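The structure appears below as structure tokens.
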Amino acid sequence: MSTSAPLTVLLTGASTGIGRVSALHLARKGYRVLATVRRDKDAASLRAEAVPGLEPVIVDVDKAEDIERIGQQIDAEPGGLYALINNAGFNYNAPFEQTVEARARAMMETNFFGLYRLSQRLIPALRRGAEQAGQPSKLVNVSSIGGSIGLPWESFYHASKFAVLGLSESLRNELYAQNIRVVVVQPGGIQTDFMPKTEASLQTALAEMTPEGRSRYAKPLETMLGLTASAAKYGTPPVAVAKAFERILGRRNPGFRTWVGLDARILHALHAVLPYWLMHAMLRRLSGA
Ligand SMILES: NC(=O)c1ccc[n+]([C@@H]2O[C@H](COP(=O)([O-])OP(=O)(O)OC[C@H]3O[C@@H](n4cnc5c(N)ncnc54)[C@H](OP(=O)(O)O)[C@@H]3O)[C@@H](O)[C@H]2O)c1
């Protein structure tokens with residue numbers, strides 16, 4: 001970073017995983033990081049790290065009042081916002097036929113509509129941030145490799161991440177001339193609480209299934225549980241995503257998409273070169289479909 005006043009970054013979902021590691025990393029690199037969490041104990045835990053420039057704030061992206069509160073706080077600051085990193089999100093897995101609508105809607109609410117609401121509220125602050133920084137500000141949306149390749153048993157999670165990619169592509173073109181660069185990060189398997197939470201969500205899906213559904217889908221979900229366990233074991237450390245954020249924020253004009261992790265890069269490359277039928281036959285075999 002070259003400016004004298006620290007540039008402000010708002011990063012959502014900083015209680016654990018990618019968000020927490022990235023908040024600490026970016027603050028140590030000299031950014032002022034407004035790190036959003038949902039509970040006081042998570043704010044206290046971040047404060048206990050005593051990293052200058054790291055400021056926890058309470059925001060649940062599902063709550064309009066929380067978004068308005070942080071919007072007003074940033075409106076009152078002269079420097080605006082240099083970057084917004086929409087990282088908050090979670091995973092709900094179930095065979096499509098056995099999907100519980102309320103759970104699917106709750107996930108879309110956070111992964112997609114939360115990102116929409118917060119981004120929309122903060123666009124004026126990002127415009128001011130670009131002026132202040134003398135270069136384009138950055139709106140970084142965390143999708144997933146599952147935002148461009150659909151695996152079975154995760155249809156709604158993938159739908160939420162495909163939606164993030166589609167929205168971001170349109171928005172990049174809308175905001176380009178306003179000096180705001182929209183960027184998408186597509187991680188592969190990252191070693192965070194996400195994998196144990198995915199495991200728990202698969203167990204819930206199994207428990208919630210009808211007996212007929214269980215007889216049809218229990219076996220492939222066991223295969224998915226195995227894949228999740230491998231991703232937890234061999235996944236990429238979350239600091240790799242933090243460093244990708246750092247690179248994006250450090251560039252004047254970052255490219256639209258960034259893949260993080262060898263698995264994400266390999267899957268993306270295979271997806272680009274293999275015939276569709278072959279790629280997806282391999283994925284079906286891998287995921288027990
Ligand atoms: N780990 C992976 O393999 C992987 C791969 C691809 C993409 N991603 C994406 O990366 C992002 C971060 O995931 P992670 O791996 O770091 O998982 P994580 O450790 O479970 O972190 C998820 C974060 O999102 C927050 N969050 C959930 N719902 C929220 C809401 N309504 N409002 C505000 N914050 C909310 C959580 O806060 P609470 O603690 O309060 O719930 C937590 O801080 C997610 O968008 C995920 O989809 C992860």
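A note on labels: chains of the structure tokens are A, B, ... as shown, every chain counts residues from 1, and ligands are counted from 1 in their shown order.
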Please identify every polymer residue within 7 Å of ligand 1, using only C-alpha atoms and all ligand atoms, and present the set as a VMD selection string. chain A and resid 12 to 19 36 to 39 59 to 62 87 to 91 110 to 111 142 to 145 186 to 195 197
Applying 7 Å and only C-alpha atoms, which residues near Gly79 (chain A) remain after dropping the ones on its own chain fewer than 3 positions away? List them as number ranges by chain. A: 128-129, 132
Can you tell me, as a PyMOL selection string, what residues are no more than 7 Å from Gly288 (chain A) when counting only C-alpha atoms, ignoring any on the same chain fewer than 3 positions away? chain A and resi 220+223+284-285
For Asp40 (chain A), please output as a list in words all residues within 10 Å (counting only C-alpha atoms; exclusion window: fewer than 6 positions along the same chain). Leu46, Pro56, Val57 and Ile58 of chain A
Which one of A:Gln178, A:Gln72, A:Ser45, A:Ser22 sits closest to Pro136 (chain A) if you count only C-alpha atoms? A:Gln178
Counting only C-alpha atoms, what is within 12 Å of Leu286 (chain A), bar same-chain residues fewer than 5 positions away, as number ranges by chain? A: 151-152, 220-228, 279-281
Got time to write the residues from that selection, C-alpha atoms, as a short mmCIF file (atom, residue, chain, number, x, y, z; two decimals), in the first residue's frame?
data_model
loop_
_atom_site.label_atom_id
_atom_site.label_comp_id
_atom_site.auth_asym_id
_atom_site.auth_seq_id
_atom_site.Cartn_x
_atom_site.Cartn_y
_atom_site.Cartn_z
CA LEU A 151 -21.92 -31.00 -8.46
CA PRO A 152 -24.80 -33.26 -7.48
CA PRO A 220 -24.42 -41.24 -2.55
CA LEU A 221 -24.58 -38.90 0.44
CA GLU A 222 -22.18 -41.23 2.25
CA THR A 223 -19.85 -40.78 -0.76
CA MET A 224 -20.24 -37.00 -0.41
CA LEU A 225 -19.40 -37.26 3.29
CA GLY A 226 -16.19 -39.04 2.29
CA LEU A 227 -15.35 -36.30 -0.24
CA THR A 228 -16.02 -33.63 2.38
CA MET A 279 -16.18 -33.74 -17.43
CA HIS A 280 -19.57 -34.40 -15.90
CA ALA A 281 -19.35 -38.19 -16.22
#
